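Quick notes on the structure that follows.
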Amino acid sequence: MTKMHNVTLPQAQEPVGPATPATEGDHAIIHYHRPDGEYGNATGQNYQDFWGLHVWEGAATPTTWQAPLKPSGQDDFGIYFDVPLSAGATELAYILHCGEQKDPGPDQYLQLTEKSNEAWLVANPAVEQGYVLPTEPGRIAGSDLSKQRAHWLTANTIVWDVEHQAGMHYALYYAPLGGLAIDNGQIIGGKAIPLHYEPTELSSTLKAKFPHLAHYQCFTVEQVEQDELAAFLQGQLAVAVTLDEIVINATGIQIPGILDELFHYTGALGAIVSPTAVTVRLWAPTAQQVTLYLFDDATGNSCHHAPLDRGPQGTWELQGERSWIGKYYLYEVTVYVPETGKIEHNLVTDPYSLGLAMNGTRSLIVDLTDPALQPSGWQQHPRPQVEAPTDIVLYELHLRDFSINDQSVPIALRGKYGAFAMADSAGMRHLQRLAAAGLTHIHLLPVFDFLSVNEDPNARREPNIPIDAPPDSNIQANAIKAVREVDGFNWGYDPHHYTVPDGAYATNANGTARILEFRQMVQALHAAGLSVVMDVVYNHTHDGGQQPRSVLGKIVPGYYHRLNAEGGIERSTCCANTATEHAMMEKLMLDSLQVWAEHYCMDGFRFDLMGHHMKSNMVKVRALLDAIDPSIYIYGEGWDFGEVMHNARGVNATQLNLAGTGIGTFNDRLRNAVRGGRPFDSGAALIANQGFINGRWYAPNTQNWGHDWERDALLSISDQIRVGLAGNLADYTFEAADGYLTSGSEIDYYGGPTGYNAEPNENVVYVEAHDNQTLYDNNVYKLPRDTSMADRVRVQTLGLALTILAQGVPFLHAGSEMLRSKSLERDSYNSGDWFNRLFFDYSSNNFGVGLPVEAGFESELMRPFLANPALRADERAIRQCIANVHALLTIRKSSPLFRLRTKADVMARLAFHNTGPKQIPGMIVMSLADQVEDFPRIDAKYKLIVVVFNATTHPQKFQKLDWQGIGLTLHPALRDSGDAVVLETGIDDEKGALTVPPRTVAVLVS
């Protein structure tokens, strides 16, 4: 046991980083030079006609993408932008763009300092006109010790992107306390050891691990003892090249490679509770000293402190008493930080925290096995089971949305974990009815500790919105903008601590209430027959480096986050990107998932921006969860963009790469084909780009004229939908629109394959999610304006039917069954409760409640829609849509033919009709056969199921001689749905002919 020393901690519990907070009235200047001198015409309003500046974090007035700042002026360098800063800003986030073209691609961040609030950007680094960017006095061209352009990969290998010439000499410099500098062509302030240039390529092993460095020059480090090497890594490092004994280039060094080689630790980390002791253990191989500060409570400054001892593999450790349980703690990490160029004394929480003080200011030592932190019956409570992943139906729900507007929930529990324990609330009754129909899983948007909502309710402010504000006004949005950074709403995709429930959803953010209440929520949902999926965001953290709320970057600077070629943090996710290709960041993710699975009984995980992880990461995740519970389903966003695009940092976890792993990816192919257009359409394209369900060719709106090429486009997107209905399998074959037998992978999707899955359980099929406009709002834009509300319900039902009746894993956005609207808001992540409301009394669908917060230049486009009372769904329409979705869920549940488990089953049992060049446009006919040669029967009730999706505005007839005399009848769930139109489906059994009403999905069974 360790003796602790009494101290009084200074009031400032977090070290001040290098940034200097802006005061009101401060400005930043962004300079931009294009060698061609072409900056566009900024006199107009079209953002596609000029180079503008999109600003958000740190700007006094953030912009929308479609309305960037115009240049403030032009000088000899080029154009410049004068950006007013918000008070307290420590960095400015910005993107230079002309339309959708960015320069450069990733988001840019200007650190605001006392010295300068200016940045200079050049469109082409090979500047042709002789401009020289400002440099520090005495800096040698090409040399910059504040950057890290070299990489130390193994004990004896350093790589650097330099051009070798005869006569050049290289050296590695190190300074334990920092202070390396260039003076008169020499590096001063440290010691040097020679580097030897190796005219060879990286080994195949290192190329595979660091593909983005494959073209770098290789250098060998002189043999150094491991203890000495470890000491090198605790100070400042640099490499330099000299010619004629003059330094001509020098840079700092990125060290994740060698840290992984020398210090990969596989044991437990964090505050580890045993029957006899508490051990705190931190991985910090570059730290020079680590001290523990132990507090009796969440806010007091009186504490005890003691140094941690160095342990194996870069760890620091201290053993204490079990009486530490319930106490709060911080680490003081003394470490060299390349970002500041000096030794910092960072006071920081534990990345392995299992409990926290309010707003994550201190870590809390907890024993998750303590019965006091478990609701009654927790250890034995029954969990819903599914036999296979394709039995799953997902329902994506934001925790605050669920209850904040539900008047049947006690005020104290609205927007809290505890609302799910109110079994008789309107919201829980709604979920129970969906579960009875066939819903299986609730997917909760982030509920781990995130930063965008203050956990202190007394520090929050909610908007004051007049109830009589016009439906097309900006009064509502302005009220929300005034408090949006201090209200209680945010989606929460900004992690702070990965393995602690967020305190904003608990009745008390201090102590252990968040742990107990989170478990009560899970137990209540399980009791309702619903499994629980957690939305995890291991791909980034809100802060990085020395930013105020950074954790990882203050413990091991430059390791946990993915760095660019100069050592800056990559931010293609709009936050500080983590590097799960590094062993200890991967370990943090795996260890965190294990806690959620074992101690919180999670039934699934949805990975945000999963493509920013490596495929190897996700394969290990799958293996970890298989060992705990193979029924835990994992899926995520397999988008391919940013610095990892095209496997630039290794084979990443994207749609095509994950085929065959059993890991689900969101299917944007079917989504776009059903909805029309793409998520980032703007302006008139929102109306013009119609999809399968809302009128492409067969019901043109004001922006379309039904040309022949629109018919061809309709046939093309119909083929994309067919592939999606067939599990989005790469190998599934059918007659395509051109008349040829074609596989799913051969159906074009913007130059890539439509089908990419190896098995149906990898197909997460959806038409609406929290991102982008809701399906209802999308249809407001695209349907002909005179479409009746009854028909809008039918179109909504069609869209959801193409999800629910597809092979794979259907994914529903909460409220889509209630015609949910966000009043045309595109992305409501920070638009307050008002635009995100759910009405479980079915009195409203929330359409026409004001112009969106981010309406921007599209305001005038939106106003006529929002002002139209005919577009506001009434209770009758909402209830009919709910009944339709219940019927669809019941249909899916009624037959395993809708839930086929293997590619072989899909290939053998699922067939499309009405295909090829002579098909009836706007109608998809699908059959599912139970009696198939060489396959056993799997459906005790039905031999054949026929599904007809008729999106057109007219009844459509389809005949197939094979269906003569087989006794097709309308599925019982449709007969009981209360939908009078579907009952008009005609069946001529003698001729094997069907007549399906307009805008109808008909399911017929034999």
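By order in the structure tokens, chains are A, B, ...; within a chain, residues start at 1; ligands start at 1, following the order shown.
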**Study point:** Per-residue DSSP, range 242-338 of chain A, filtered to strand (DSSP E or B), as a ChimeraX atom specification
**Key:** /A:242-243,246-254,270-273,278-283,287-295,302-307,309-310,315-320,328-337
Check your understanding: When DSSP works through the backbone of this structure, what residues of range 591-659 of chain A end up as alpha helix (DSSP H), shown as a list in words?
Key -> Asp591, Ser592, Leu593, Gln594, Val595, Trp596, Ala597, Glu598, His599, Lys615, Ser616, Asn617, Met618, Val619, Lys620, Val621, Arg622, Ala623, Leu624, Leu625, Asp626, Ala627 and Ile628 of chain A
Practice item. Tell me which of A:Val765, A:Leu434, A:Asn772, A:Gly832 sits closest to Phe680 in chain A, counting only C-alpha atoms. Key: A:Asn772
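Atom to atom, CA of Pro256 in chain A and CA of Thr578 in chain A stand 12.2 Å apart.
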Contact table range 901-941 of chain A vs range 743-761 of chain A, cut-off 12 Å, shortest pair per residue, only C-alpha atoms, as a Markdown table:
```
| residue | atom | partner | partner_atom | distance |
| --- | --- | --- | --- | --- |
| A:Arg901 | CA | A:Pro760 | CA | 6.5 |
| A:Thr902 | CA | A:Glu759 | CA | 5.8 |
| A:Lys903 | CA | A:Glu759 | CA | 5.1 |
| A:Ala904 | CA | A:Glu759 | CA | 8.7 |
| A:Asp905 | CA | A:Pro760 | CA | 9.6 |
| A:Val906 | CA | A:Pro760 | CA | 8.0 |
| A:Met907 | CA | A:Pro760 | CA | 10.5 |
```
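The spacing separating CA of His97 in chain A from CA of Tyr560 in chain A amounts to 29.4 Å.
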Review point. Between A:Leu593, A:Tyr942, A:Tyr32, A:Asp76, which is the closest to Glu118 in chain A once you count only C-alpha atoms?
Key: A:Tyr32
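When only C-alpha atoms are used to compute distances to Gln254 in chain A, the closest of the residues A:Ala565, A:Ala155, A:Leu121, A:Leu445 turns out to be A:Ala565.
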